[in-house]
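This is entry.txt. It holds compact mmCIF, C-alpha atoms.
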# COMPACT_ATOMS: atom_id res chain seq x y z
CA MET A 1 55.54 151.53 92.96
CA SER A 2 53.84 154.40 91.10
CA ALA A 3 50.06 154.64 91.51
CA ARG A 4 49.58 155.36 87.79
CA GLY A 5 51.95 153.49 85.55
CA GLY A 6 53.06 150.68 87.83
CA ARG A 7 56.69 151.71 87.38
CA SER A 8 59.11 152.21 90.24
CA THR A 9 60.18 155.79 90.81
CA PRO A 10 63.91 156.65 90.83
CA GLY A 11 63.62 157.37 94.55
CA ALA A 12 62.54 153.78 95.22
CA TRP A 13 65.71 152.40 93.64
CA SER A 14 67.87 154.77 95.66
CA ARG A 15 66.41 153.36 98.89
CA LEU A 16 67.40 149.76 98.06
CA LYS A 17 70.33 148.46 100.08
CA PRO A 18 73.35 147.26 98.09
CA VAL A 19 73.95 143.50 98.04
CA ASN A 20 76.73 142.52 100.43
CA VAL A 21 79.07 140.07 98.71
CA ASP A 22 81.27 137.96 100.95
CA PRO A 23 84.86 138.88 99.96
CA LEU A 24 85.88 135.22 100.31
CA GLU A 25 83.08 134.00 98.08
CA GLY A 26 83.28 136.86 95.56
CA ILE A 27 86.37 135.35 93.93
CA GLY A 28 86.06 132.07 92.06
CA LEU A 29 88.33 129.08 91.51
CA PRO A 30 91.22 129.58 89.08
CA SER A 31 90.47 126.10 87.69
CA LYS A 32 87.00 127.37 86.79
CA GLY A 33 88.31 130.33 84.82
CA ASP A 34 88.62 133.08 87.44
CA ASN A 35 92.20 134.33 87.06
CA ARG A 36 92.17 137.06 89.71
CA LEU A 37 94.09 134.93 92.20
CA LEU A 38 96.99 134.55 89.81
CA ASP A 39 97.98 138.10 90.77
CA TYR A 40 100.42 138.21 93.71
CA LYS A 41 98.91 141.26 95.43
CA THR A 42 95.40 139.81 95.11
CA GLN A 43 96.64 136.57 96.68
CA GLU A 44 98.09 138.46 99.63
CA ARG A 45 94.94 140.51 100.22
CA TYR A 46 92.81 137.38 99.94
CA TYR A 47 95.02 135.53 102.42
CA THR A 48 94.67 138.40 104.89
CA LYS A 49 90.88 138.12 104.64
CA ILE A 50 91.11 134.34 105.25
CA VAL A 51 93.18 134.87 108.39
CA GLU A 52 90.83 137.60 109.63
CA ARG A 53 87.83 135.31 109.10
CA TYR A 54 89.55 132.46 110.92
CA MET A 55 90.50 134.68 113.87
CA ALA A 56 86.91 135.94 114.06
CA PHE A 57 85.72 132.34 114.09
CA CYS A 58 88.13 131.55 116.93
CA SER A 59 87.03 134.63 118.86
CA ASP A 60 83.38 133.72 118.42
CA ALA A 61 84.06 130.20 119.67
CA GLY A 62 85.52 131.70 122.84
CA ARG A 63 86.95 128.71 124.68
CA ALA A 64 89.45 126.14 123.49
CA ASP A 65 87.07 123.22 123.90
CA GLU A 66 84.34 125.02 121.97
CA LEU A 67 86.72 125.86 119.14
CA LEU A 68 87.84 122.26 118.85
CA ARG A 69 84.24 121.06 119.05
CA ARG A 70 83.45 123.26 116.08
CA LEU A 71 86.48 122.08 114.13
CA GLY A 72 85.86 118.45 115.02
CA GLN A 73 82.22 118.51 114.02
CA LEU A 74 82.80 119.99 110.58
CA SER A 75 82.05 117.68 107.68
CA ILE A 76 83.36 118.78 104.31
CA ALA A 77 82.44 117.35 100.94
CA THR A 78 85.21 116.06 98.69
CA GLU A 79 86.74 118.76 96.55
CA ASP A 80 86.51 118.28 92.79
CA GLY A 81 89.27 120.61 91.61
CA ASN A 82 92.03 119.55 89.25
CA LEU A 83 94.99 121.60 90.47
CA GLU A 84 97.32 120.18 93.07
CA GLU A 85 98.58 121.80 94.76
CA PRO A 86 98.72 129.72 106.66
CA HIS A 87 101.40 132.44 109.47
CA PRO A 88 99.36 132.69 112.55
CA SER A 89 99.72 129.29 114.13
CA THR A 90 96.52 127.30 114.53
CA PRO A 91 95.82 126.38 118.15
CA GLY A 92 97.77 123.35 119.30
CA MET A 93 95.03 121.89 121.45
CA ARG A 94 93.67 118.41 121.95
CA PRO A 95 90.41 117.56 120.21
CA SER A 96 87.32 117.65 122.38
CA ASN A 97 85.09 114.63 122.87
CA ILE A 98 81.96 116.77 122.92
CA GLY A 99 79.54 115.25 120.44
CA THR A 100 77.05 118.05 119.78
CA ASN A 101 76.62 119.18 116.20
CA LEU A 102 78.13 122.32 114.77
CA ASP A 103 75.52 125.05 114.32
CA ALA A 104 74.59 126.06 110.79
CA ALA A 105 76.38 129.41 110.98
CA GLY A 106 79.59 127.80 112.19
CA GLN A 107 79.37 125.13 109.50
CA LYS A 108 78.93 127.81 106.86
CA ASP A 109 81.88 129.87 108.17
CA LEU A 110 84.27 126.92 108.14
CA SER A 111 83.07 125.65 104.77
CA THR A 112 83.65 129.12 103.34
CA LEU A 113 87.13 129.18 104.87
CA MET A 114 88.05 125.79 103.44
CA MET A 115 86.87 126.73 99.96
CA ALA A 116 88.72 130.06 100.17
CA MET A 117 91.93 128.25 101.07
CA ARG A 118 91.46 125.92 98.12
CA LYS A 119 91.06 128.92 95.80
CA LEU A 120 94.21 130.49 97.20
CA ARG A 121 96.23 127.29 96.81
CA GLU A 122 95.07 126.93 93.22
CA GLY A 123 96.11 130.52 92.53
CA ILE A 124 99.55 129.98 94.06
CA VAL A 125 100.11 126.78 92.06
CA ALA A 126 98.82 128.25 88.79
CA ALA A 127 101.09 131.27 89.23
CA SER A 128 104.09 128.98 89.98
CA ARG A 129 104.73 131.07 93.07
CA VAL A 130 107.34 129.94 95.57
CA ASP A 131 108.37 132.55 98.12
CA ASP A 132 107.99 133.32 101.82
CA PHE A 133 104.36 134.36 101.42
CA SER A 134 103.25 131.27 99.50
CA ILE A 135 104.97 128.95 101.99
CA GLN A 136 103.35 130.82 104.88
CA ALA A 137 99.95 130.49 103.22
CA TYR A 138 100.44 126.76 102.63
CA ILE A 139 101.52 126.19 106.23
CA PHE A 140 98.38 127.89 107.52
CA CYS A 141 96.13 125.95 105.14
CA ILE A 142 97.68 122.59 106.03
CA ARG A 143 97.39 123.12 109.78
CA LEU A 144 93.76 124.16 109.64
CA SER A 145 92.85 121.42 107.16
CA ILE A 146 94.34 118.80 109.49
CA LEU A 147 92.28 120.10 112.40
CA VAL A 148 89.09 119.55 110.39
CA LYS A 149 90.43 116.25 108.98
CA ASN A 150 89.96 117.42 105.39
CA MET A 151 92.37 115.03 103.68
CA GLU A 152 91.47 116.40 100.22
CA SER A 153 93.07 119.69 101.30
CA TYR A 154 95.98 118.83 103.56
CA HIS A 155 97.41 115.81 101.73
CA PRO A 156 98.07 117.39 98.29
CA ALA A 157 99.14 120.59 100.06
CA ILE A 158 101.78 118.75 102.12
CA LEU A 159 103.08 117.02 98.99
CA HIS A 160 103.32 120.34 97.13
CA LEU A 161 105.02 122.00 100.09
CA LEU A 162 107.66 119.26 100.40
CA ARG A 163 108.17 118.23 96.78
CA ARG A 164 107.93 121.61 95.07
CA MET A 165 108.29 124.52 97.48
CA HIS A 166 110.91 123.05 99.80
CA THR A 167 113.18 122.18 96.87
CA VAL A 168 113.12 125.81 95.68
CA LEU A 169 113.03 127.66 99.02
CA PRO A 170 113.97 125.29 101.87
CA LEU A 171 111.79 125.18 104.95
CA SER A 172 113.34 125.77 108.34
CA LYS A 173 114.47 122.63 110.18
CA SER A 174 111.50 122.76 112.58
CA GLU A 175 109.01 123.32 109.75
CA LEU A 176 110.44 120.45 107.74
CA GLN A 177 110.24 118.11 110.74
CA GLU A 178 106.66 119.21 111.44
CA PHE A 179 105.26 118.64 107.96
CA VAL A 180 107.22 115.48 107.24
CA GLY A 181 105.79 114.21 110.53
CA TYR A 182 102.27 114.97 109.32
CA LEU A 183 102.90 113.14 106.06
CA VAL A 184 104.32 110.11 107.87
CA LEU A 185 101.32 109.99 110.21
CA ASP A 186 98.90 110.35 107.30
CA LEU A 187 100.54 107.42 105.54
CA ALA A 188 100.53 105.27 108.67
CA CYS A 189 97.19 106.19 110.22
CA ARG A 190 94.89 107.10 107.33
CA GLN A 191 96.39 105.23 104.39
CA ASN A 192 97.48 102.25 106.48
CA ASP A 193 100.80 102.15 104.62
CA LEU A 194 103.44 101.64 107.28
CA ALA A 195 106.10 100.66 104.76
CA GLU A 196 105.81 103.96 102.87
CA ALA A 197 105.64 105.86 106.16
CA TYR A 198 109.03 104.44 107.13
CA VAL A 199 110.42 105.24 103.65
CA VAL A 200 109.36 108.90 103.96
CA ARG A 201 110.69 109.04 107.53
CA GLN A 202 114.08 107.82 106.31
CA LYS A 203 114.13 109.99 103.19
CA TYR A 204 113.64 113.24 105.10
CA LYS A 205 115.63 112.08 108.18
CA LEU A 206 112.72 112.70 110.51
CA HIS A 207 113.65 112.78 114.19
CA ASP A 208 110.44 112.84 116.21
CA ALA A 209 110.18 110.52 119.22
CA LYS A 210 106.39 110.66 119.34
CA VAL A 211 105.98 109.88 115.64
CA ASP A 212 108.40 106.99 116.08
CA ALA A 213 106.36 105.70 119.03
CA ILE A 214 103.15 105.91 117.01
CA LEU A 215 104.71 103.93 114.16
CA GLN A 216 105.95 101.33 116.62
CA ALA A 217 102.54 101.04 118.26
CA LEU A 218 100.86 100.53 114.88
CA ALA A 219 103.46 98.06 113.68
CA HIS A 220 103.07 95.91 116.81
CA ASP A 221 99.33 96.47 117.42
CA ASN A 222 100.33 97.94 120.79
CA TYR A 223 97.06 99.56 121.78
CA PHE A 224 98.34 100.51 125.25
CA MET A 225 101.21 102.56 123.75
CA PHE A 226 98.94 103.99 121.06
CA TRP A 227 96.47 105.48 123.53
CA ARG A 228 99.25 106.69 125.83
CA ILE A 229 100.90 108.60 122.97
CA ARG A 230 97.49 109.77 121.71
CA ARG A 231 96.92 111.57 125.03
CA SER A 232 100.29 113.33 124.91
CA VAL A 233 100.56 114.69 121.35
CA ASP A 234 99.44 118.08 120.07
CA GLY A 235 96.11 118.65 118.36
CA HIS A 236 97.37 118.18 114.80
CA LYS A 237 99.04 114.84 115.42
CA ALA A 238 96.04 113.73 117.48
CA LYS A 239 93.72 114.48 114.58
CA LEU A 240 95.82 112.38 112.21
CA MET A 241 95.91 109.55 114.76
CA GLU A 242 92.10 109.54 114.79
CA PHE A 243 92.15 107.81 111.40
CA ALA A 244 93.72 104.74 113.05
CA GLU A 245 91.58 104.72 116.18
CA ASP A 246 88.83 102.46 114.91
CA GLY A 247 91.26 99.78 113.81
CA MET A 248 93.19 100.02 117.08
CA LYS A 249 90.01 99.63 119.13
CA LYS A 250 89.01 96.53 117.17
CA GLN A 251 92.50 95.09 117.58
CA ALA A 252 92.40 95.72 121.32
CA LEU A 253 89.03 93.97 121.62
CA LYS A 254 90.33 91.02 119.59
CA CYS A 255 93.42 90.67 121.78
CA LEU A 256 91.47 90.97 125.02
CA GLY A 257 88.89 88.47 123.79
CA ARG A 258 91.58 85.90 123.07
CA SER A 259 93.63 86.46 126.22
CA TYR A 260 91.23 87.04 129.12
CA PHE A 261 88.21 85.46 130.72
CA SER A 262 87.31 88.74 132.44
CA ILE A 263 88.60 92.26 132.87
CA ASP A 264 87.66 95.18 135.08
CA LEU A 265 85.62 97.83 133.31
CA PRO A 266 88.01 100.79 133.87
CA SER A 267 90.86 98.83 132.27
CA LEU A 268 88.71 97.84 129.30
CA GLU A 269 87.68 101.43 128.73
CA GLU A 270 91.32 102.57 129.03
CA TYR A 271 92.66 99.95 126.59
CA THR A 272 90.00 100.77 124.00
CA ASN A 273 89.67 104.50 124.75
CA SER A 274 85.90 103.96 124.70
CA THR A 275 83.02 103.87 127.13
CA TRP A 276 81.09 100.68 127.81
CA PRO A 277 77.92 101.97 126.04
CA SER A 278 80.02 102.83 122.98
CA LEU A 279 81.63 99.39 122.92
CA THR A 280 78.27 97.61 123.08
CA LYS A 281 76.46 99.89 120.64
CA THR A 282 79.15 100.80 118.11
CA TYR A 283 81.35 97.72 118.22
CA GLY A 284 78.74 95.11 119.06
CA VAL A 285 80.56 93.83 122.14
CA GLY A 286 78.42 91.05 123.60
CA TRP A 287 80.35 90.57 126.80
CA GLN A 288 78.49 90.60 130.11
CA LEU A 289 78.91 93.40 132.61
CA GLU A 290 78.65 92.42 136.27
CA GLY A 291 79.15 95.45 138.46
CA THR A 292 82.58 96.77 137.48
CA LYS A 293 83.76 93.48 135.99
CA VAL A 294 83.32 92.50 132.36
CA ILE A 295 82.90 88.76 131.75
CA ILE A 296 84.51 88.05 128.37
CA ARG A 297 84.04 84.29 128.37
CA LYS A 298 83.60 81.61 130.95
CA PRO A 299 86.04 78.72 131.46
CA LYS A 300 84.96 75.48 129.88
CA THR A 301 83.85 72.94 132.44
CA ARG A 302 84.85 69.30 132.12

Rewrite the structure from the file as structure tokens, please.
Amino acid sequence: MSARGGRSTPGAWSRLKPVNVDPLEGIGLPSKGDNRLLDYKTQERYYTKIVERYMAFCSDAGRADELLRRLGQLSIATEDGNLEEPHPSTPGMRPSNIGTNLDAAGQKDLSTLMMAMRKLREGIVAASRVDDFSIQAYIFCIRLSILVKNMESYHPAILHLLRRMHTVLPLSKSELQEFVGYLVLDLACRQNDLAEAYVVRQKYKLHDAKVDAILQALAHDNYFMFWRIRRSVDGHKAKLMEFAEDGMKKQALKCLGRSYFSIDLPSLEEYTNSTWPSLTKTYGVGWQLEGTKVIIRKPKTR
């Protein structure tokens, strides 16, 4: 500031640092009036920045379990956009059971990524673009959205990929099987609509033994098969199966309660895929633990 007039001198302004605008946040939603992402070249540059940011996030996480902890702990608010609707492959790893919270910086990075992918999808849809790039971008977005269980992103994106893009530029056989499998699992595990899951499976001629086994386990309340398959599938299928876990645990407890007087603790924890403290605290199990044996109910005496 000047000592006499209270005005800043030109030299003071020249010393101010320019404001750094995040390139992912600098572009707005097409549905909100920002039309820059309707341009094909802008879409491609923006997608490259999304992939770079995601790879930096993975590199910062370091280990596979830490990456999945970060992805698993992300909570994302429901998107309010109107438009419906990446190819480095997202890591095919099993979700971690680590329960610590995602740090604020990691939460911000992933939230920025998810919003950026929404902007890109809106731009692709608004531009009516169907080509190798747009399909690649959708594949990336769907895979990452599944890993963070953001149904508001992956579900409409899968529908657009299969119903619109695939009809214009067919997916490869392996890609079609992969994304039809995700849709079938979403219907069965999250939406609890087994009938529609079987319809979609038949319509697209899905041949996936593990998806079939999951459907069978859900149809027959076979908790033993459900958890066995859950431990053998890749990270994306495992994430979709998580939507059905709570119901399967309750069904297992109901079946065990009706069928047994007692059960050993390791078997109980295996059948419910839960620890004893979790069963008593989260599910209100009032059974009695005696050493390694769980007393479910005592025989009636005459």

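Of the residues under consideration (A:Gly284, A:Gly291, A:Gly181, A:Pro30), A:Gly181 shows the shortest atom-to-atom contact distance to Lys237 (chain A) when counting only C-alpha atoms.
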
> Could you name the residues that touch region 191-197 of chain A at 10 Å or less, counting only C-alpha atoms, but leaving out those on the same chain fewer than 5 positions away, as a VMD selection string?
Replying inline: chain A and resid 180 to 181 183 to 186 202 to 203 215 to 216 218 to 219 243 to 244 247

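Here the residues that fall within 8 Å of (95.8, 126.6, 92.5), using all atoms listed in the file, are given as Leu29, Pro30, Ser31, Leu83, Glu84, Glu85, Arg118, Lys119, Leu120, Arg121, Glu122, Gly123, Ile124, Val125, Ala126 and Ala127 of chain A.
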
May I have the residues from that selection written out with C-alpha atoms, as a PDB file, keeping the file's coordinate frame?
ATOM      1  CA  LEU A  29      88.330 129.080  91.510  1.00  0.00           C
ATOM      2  CA  PRO A  30      91.220 129.580  89.080  1.00  0.00           C
ATOM      3  CA  SER A  31      90.470 126.100  87.690  1.00  0.00           C
ATOM      4  CA  LEU A  83      94.990 121.600  90.470  1.00  0.00           C
ATOM      5  CA  GLU A  84      97.320 120.180  93.070  1.00  0.00           C
ATOM      6  CA  GLU A  85      98.580 121.800  94.760  1.00  0.00           C
ATOM      7  CA  ARG A 118      91.460 125.920  98.120  1.00  0.00           C
ATOM      8  CA  LYS A 119      91.060 128.920  95.800  1.00  0.00           C
ATOM      9  CA  LEU A 120      94.210 130.490  97.200  1.00  0.00           C
ATOM     10  CA  ARG A 121      96.230 127.290  96.810  1.00  0.00           C
ATOM     11  CA  GLU A 122      95.070 126.930  93.220  1.00  0.00           C
ATOM     12  CA  GLY A 123      96.110 130.520  92.530  1.00  0.00           C
ATOM     13  CA  ILE A 124      99.550 129.980  94.060  1.00  0.00           C
ATOM     14  CA  VAL A 125     100.110 126.780  92.060  1.00  0.00           C
ATOM     15  CA  ALA A 126      98.820 128.250  88.790  1.00  0.00           C
ATOM     16  CA  ALA A 127     101.090 131.270  89.230  1.00  0.00           C
TER      17      ALA A 127
END

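With only C-alpha atoms as the atoms that count, the residue of A:Asp208, A:Glu25, A:Glu270, A:Asp109 with the shortest distance to Trp227 (chain A) is A:Glu270.
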
>> The residues within 12 Å of (85.4, 90.4, 121.8), using all atoms listed in the file and the coordinates of the file, should be reported as an MDAnalysis selection string; which are they?
In response: chainID A and resid 249:263 268 272 279:280 283:288 294:297

Mind dumping the selected residues with C-alpha atoms as an mmCIF file, keeping the file's coordinate frame?
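Writing the result to part-v1.cif gives the following:
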data_model
loop_
_atom_site.group_PDB
_atom_site.id
_atom_site.type_symbol
_atom_site.label_atom_id
_atom_site.label_comp_id
_atom_site.auth_asym_id
_atom_site.auth_seq_id
_atom_site.Cartn_x
_atom_site.Cartn_y
_atom_site.Cartn_z
ATOM 1 C CA LYS A 249 90.010 99.630 119.130
ATOM 2 C CA LYS A 250 89.010 96.530 117.170
ATOM 3 C CA GLN A 251 92.500 95.090 117.580
ATOM 4 C CA ALA A 252 92.400 95.720 121.320
ATOM 5 C CA LEU A 253 89.030 93.970 121.620
ATOM 6 C CA LYS A 254 90.330 91.020 119.590
ATOM 7 C CA CYS A 255 93.420 90.670 121.780
ATOM 8 C CA LEU A 256 91.470 90.970 125.020
ATOM 9 C CA GLY A 257 88.890 88.470 123.790
ATOM 10 C CA ARG A 258 91.580 85.900 123.070
ATOM 11 C CA SER A 259 93.630 86.460 126.220
ATOM 12 C CA TYR A 260 91.230 87.040 129.120
ATOM 13 C CA PHE A 261 88.210 85.460 130.720
ATOM 14 C CA SER A 262 87.310 88.740 132.440
ATOM 15 C CA ILE A 263 88.600 92.260 132.870
ATOM 16 C CA LEU A 268 88.710 97.840 129.300
ATOM 17 C CA THR A 272 90.000 100.770 124.000
ATOM 18 C CA LEU A 279 81.630 99.390 122.920
ATOM 19 C CA THR A 280 78.270 97.610 123.080
ATOM 20 C CA TYR A 283 81.350 97.720 118.220
ATOM 21 C CA GLY A 284 78.740 95.110 119.060
ATOM 22 C CA VAL A 285 80.560 93.830 122.140
ATOM 23 C CA GLY A 286 78.420 91.050 123.600
ATOM 24 C CA TRP A 287 80.350 90.570 126.800
ATOM 25 C CA GLN A 288 78.490 90.600 130.110
ATOM 26 C CA VAL A 294 83.320 92.500 132.360
ATOM 27 C CA ILE A 295 82.900 88.760 131.750
ATOM 28 C CA ILE A 296 84.510 88.050 128.370
ATOM 29 C CA ARG A 297 84.040 84.290 128.370
#

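Put simply, CA of Val233 (chain A) is 9.2 Å away from CA of Val211 (chain A).
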
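Coordinates place CA of Tyr182 (chain A) at a distance of 12.6 Å from CA of His207 (chain A).
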
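The space between CA of Gln136 (chain A) and CA of Leu24 (chain A) spans 18.6 Å.
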
> When distances are computed from all atoms listed in the file, which of A:Leu159, A:Leu110, A:Val168, A:Ile229 shows the smallest separation from Val130 (chain A)?
Replying inline: A:Val168

> Between A:Met241, A:Leu38, A:Leu147, A:Met165, which one has atoms that come closest to Ala213 (chain A), using all atoms listed in the file?
Replying inline: A:Met241

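Each of A:Cys189, A:Ala56, A:Val200, A:Met114 was compared to Leu144 (chain A) using all atoms listed in the file, and A:Met114 turns out to be the nearest.
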
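Proximity to Arg45 (chain A) was assessed for A:Phe57, A:Phe224, A:Phe133, A:Leu113 counting all atoms listed in the file; the smallest distance is recorded for A:Phe133.
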
Assuming the input is short of atoms at region 215-244 of chain A, produce N, CA and C atoms for that part as a compact mmCIF listing (two decimals), in the coordinates of the input.
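For reference, part_17.txt as written:
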# COMPACT_ATOMS: atom_id res chain seq x y z
N LEU A 215 104.41 104.95 115.17
CA LEU A 215 104.71 103.93 114.16
C LEU A 215 104.96 102.57 114.82
N GLN A 216 105.68 102.58 115.92
CA GLN A 216 105.95 101.33 116.62
C GLN A 216 104.68 100.71 117.16
N ALA A 217 103.80 101.55 117.72
CA ALA A 217 102.54 101.04 118.26
C ALA A 217 101.68 100.42 117.16
N LEU A 218 101.65 101.06 115.99
CA LEU A 218 100.86 100.53 114.88
C LEU A 218 101.48 99.25 114.33
N ALA A 219 102.79 99.23 114.24
CA ALA A 219 103.46 98.06 113.68
C ALA A 219 103.27 96.82 114.56
N HIS A 220 103.17 97.03 115.87
CA HIS A 220 103.07 95.91 116.81
C HIS A 220 101.67 95.76 117.42
N ASP A 221 100.70 96.50 116.88
CA ASP A 221 99.33 96.47 117.42
C ASP A 221 99.33 96.72 118.93
N ASN A 222 100.19 97.63 119.36
CA ASN A 222 100.33 97.94 120.79
C ASN A 222 99.33 99.03 121.15
N TYR A 223 98.12 98.60 121.49
CA TYR A 223 97.06 99.56 121.78
C TYR A 223 97.35 100.38 123.03
N PHE A 224 98.03 99.77 124.02
CA PHE A 224 98.34 100.51 125.25
C PHE A 224 99.25 101.70 124.93
N MET A 225 100.31 101.47 124.14
CA MET A 225 101.21 102.56 123.75
C MET A 225 100.49 103.58 122.87
N PHE A 226 99.65 103.10 121.97
CA PHE A 226 98.94 103.99 121.06
C PHE A 226 98.12 105.02 121.82
N TRP A 227 97.32 104.55 122.79
CA TRP A 227 96.47 105.48 123.53
C TRP A 227 97.29 106.38 124.45
N ARG A 228 98.40 105.86 124.97
CA ARG A 228 99.25 106.69 125.83
C ARG A 228 99.85 107.84 125.02
N ILE A 229 100.35 107.55 123.83
CA ILE A 229 100.90 108.60 122.97
C ILE A 229 99.79 109.53 122.51
N ARG A 230 98.63 108.97 122.19
CA ARG A 230 97.49 109.77 121.71
C ARG A 230 97.14 110.86 122.71
N ARG A 231 97.27 110.58 124.00
CA ARG A 231 96.92 111.57 125.03
C ARG A 231 98.01 112.61 125.24
N SER A 232 99.18 112.41 124.64
CA SER A 232 100.29 113.33 124.91
C SER A 232 100.68 114.21 123.72
N VAL A 233 100.16 113.93 122.52
CA VAL A 233 100.56 114.69 121.35
C VAL A 233 99.73 115.96 121.20
N ASP A 234 100.19 116.85 120.32
CA ASP A 234 99.44 118.08 120.07
C ASP A 234 98.21 117.79 119.21
N GLY A 235 97.39 118.83 119.03
CA GLY A 235 96.11 118.65 118.36
C GLY A 235 96.21 118.17 116.93
N HIS A 236 97.24 118.59 116.20
CA HIS A 236 97.37 118.18 114.80
C HIS A 236 97.73 116.70 114.68
N LYS A 237 98.69 116.26 115.46
CA LYS A 237 99.04 114.84 115.42
C LYS A 237 97.88 113.98 115.92
N ALA A 238 97.18 114.48 116.95
CA ALA A 238 96.04 113.73 117.48
C ALA A 238 94.95 113.56 116.43
N LYS A 239 94.73 114.58 115.63
CA LYS A 239 93.72 114.48 114.58
C LYS A 239 94.10 113.43 113.54
N LEU A 240 95.38 113.38 113.18
CA LEU A 240 95.82 112.38 112.21
C LEU A 240 95.74 110.98 112.82
N MET A 241 96.01 110.85 114.10
CA MET A 241 95.91 109.55 114.76
C MET A 241 94.48 109.03 114.79
N GLU A 242 93.50 109.95 114.74
CA GLU A 242 92.10 109.54 114.79
C GLU A 242 91.75 108.58 113.65
N PHE A 243 92.45 108.69 112.52
CA PHE A 243 92.15 107.81 111.40
C PHE A 243 92.44 106.35 111.75
N ALA A 244 93.35 106.11 112.69
CA ALA A 244 93.72 104.74 113.05
C ALA A 244 92.99 104.24 114.29
